[in-house]
Amino acid sequence: MTVLHTLTLFAHGLIFAALSLTVVFLTYRNRRILIARRLSWLGTFALCEALVAWNDLLAPLLPGETLLPPLLRVAVLAGGYAYLLAFGV
(Lines give C-alpha, C1' and ligand atoms only; values in the text may rest on other atoms or scores of the structure.)
Protein backbone atom coordinates (compact mmCIF):
# COMPACT_ATOMS: atom_id res chain seq x y z
CA MET A 1 0.00 0.00 0.00
CA THR A 2 1.53 3.31 -1.03
CA VAL A 3 1.61 6.43 1.09
CA LEU A 4 -0.83 8.20 -1.22
CA HIS A 5 -3.31 5.33 -1.00
CA THR A 6 -3.01 5.30 2.80
CA LEU A 7 -3.61 9.04 3.03
CA THR A 8 -6.56 8.78 0.66
CA LEU A 9 -8.21 6.04 2.74
CA PHE A 10 -7.62 7.99 5.94
CA ALA A 11 -9.08 11.20 4.46
CA HIS A 12 -12.03 9.27 3.02
CA GLY A 13 -12.89 7.78 6.40
CA LEU A 14 -12.28 11.05 8.23
CA ILE A 15 -14.55 13.04 5.92
CA PHE A 16 -17.40 10.59 6.26
CA ALA A 17 -16.95 10.37 10.05
CA ALA A 18 -17.09 14.17 10.22
CA LEU A 19 -20.24 14.14 8.07
CA SER A 20 -21.93 11.67 10.41
CA LEU A 21 -21.03 13.75 13.48
CA THR A 22 -22.28 16.91 11.77
CA VAL A 23 -25.57 15.21 11.02
CA VAL A 24 -25.90 14.11 14.66
CA PHE A 25 -25.45 17.68 15.86
CA LEU A 26 -27.76 19.22 13.23
CA THR A 27 -30.60 16.72 13.34
CA TYR A 28 -32.01 17.73 16.70
CA ARG A 29 -31.70 21.48 16.17
CA ASN A 30 -33.80 21.82 13.02
CA ARG A 31 -36.73 19.41 13.23
CA ARG A 32 -39.06 21.83 11.45
CA ILE A 33 -37.20 21.62 8.14
CA LEU A 34 -38.37 18.65 6.06
CA ILE A 35 -34.91 17.47 5.00
CA ALA A 36 -33.62 17.67 8.59
CA ARG A 37 -36.02 14.91 9.59
CA ARG A 38 -34.26 12.54 7.22
CA LEU A 39 -30.68 13.50 7.99
CA SER A 40 -30.23 10.49 10.25
CA TRP A 41 -30.35 8.29 7.13
CA LEU A 42 -27.47 10.28 5.66
CA GLY A 43 -25.54 10.10 8.91
CA THR A 44 -25.90 6.33 9.08
CA PHE A 45 -24.63 6.03 5.50
CA ALA A 46 -21.62 8.19 6.36
CA LEU A 47 -20.85 6.10 9.43
CA CYS A 48 -20.99 2.85 7.42
CA GLU A 49 -18.77 4.35 4.72
CA ALA A 50 -16.21 5.53 7.29
CA LEU A 51 -16.21 2.10 8.95
CA VAL A 52 -15.45 0.35 5.66
CA ALA A 53 -12.77 2.89 4.69
CA TRP A 54 -10.98 2.55 8.01
CA ASN A 55 -11.31 -1.22 7.83
CA ASP A 56 -9.42 -1.14 4.54
CA LEU A 57 -6.83 1.19 6.07
CA LEU A 58 -6.20 -0.76 9.27
CA ALA A 59 -6.54 -4.31 7.98
CA PRO A 60 -2.92 -4.65 6.73
CA LEU A 61 -1.61 -3.52 10.11
CA LEU A 62 -3.22 -6.35 12.06
CA PRO A 63 -2.14 -9.99 11.93
CA GLY A 64 -5.61 -11.27 11.01
CA GLU A 65 -5.52 -9.29 7.75
CA THR A 66 -9.05 -7.98 8.31
CA LEU A 67 -11.10 -6.25 10.96
CA LEU A 68 -14.43 -7.05 9.36
CA PRO A 69 -15.00 -10.45 7.78
CA PRO A 70 -15.64 -10.13 4.02
CA LEU A 71 -19.34 -10.97 4.32
CA LEU A 72 -19.84 -8.41 7.10
CA ARG A 73 -17.93 -5.79 5.06
CA VAL A 74 -20.29 -6.33 2.13
CA ALA A 75 -23.30 -6.18 4.47
CA VAL A 76 -22.11 -2.88 5.97
CA LEU A 77 -21.57 -1.43 2.48
CA ALA A 78 -24.97 -2.64 1.27
CA GLY A 79 -26.69 -1.33 4.40
CA GLY A 80 -24.96 2.03 4.04
CA TYR A 81 -26.06 2.43 0.44
CA ALA A 82 -29.58 1.34 1.39
CA TYR A 83 -29.64 4.20 3.92
CA LEU A 84 -28.39 6.58 1.23
CA LEU A 85 -31.16 5.40 -1.08
CA ALA A 86 -33.72 5.88 1.69
CA PHE A 87 -32.42 9.41 2.26
CA GLY A 88 -32.77 10.23 -1.43
CA VAL A 89 -36.28 8.84 -1.87
# chains A, B, ... in the order shown; residues from 1 in each chain; ligands from 1
call {"tool": "residues_around", "arguments": {"residues": "segment 40-54 of chain A", "least_positions_apart": "6", "cutoff": "10 Å", "atoms": "only C-alpha atoms", "output": "number ranges by chain"}}
result
A: 6, 8-24, 26-28, 67-68, 72-88
call {"tool": "atom_distance", "arguments": {"atom1": "atom CA of His5 of chain A", "atom2": "atom CA of Pro70 of chain A"}}
result
20.4 Å
call {"tool": "select_by_dssp", "arguments": {"residues": "chain A", "states": "helix (DSSP H, G or I)", "output": "ChimeraX atom specification"}}
result
/A:3-27,35-61,70-88
call {"tool": "atom_distance", "arguments": {"atom1": "atom CA of Leu7 of chain A", "atom2": "atom CA of Phe25 of chain A"}}
result
26.8 Å
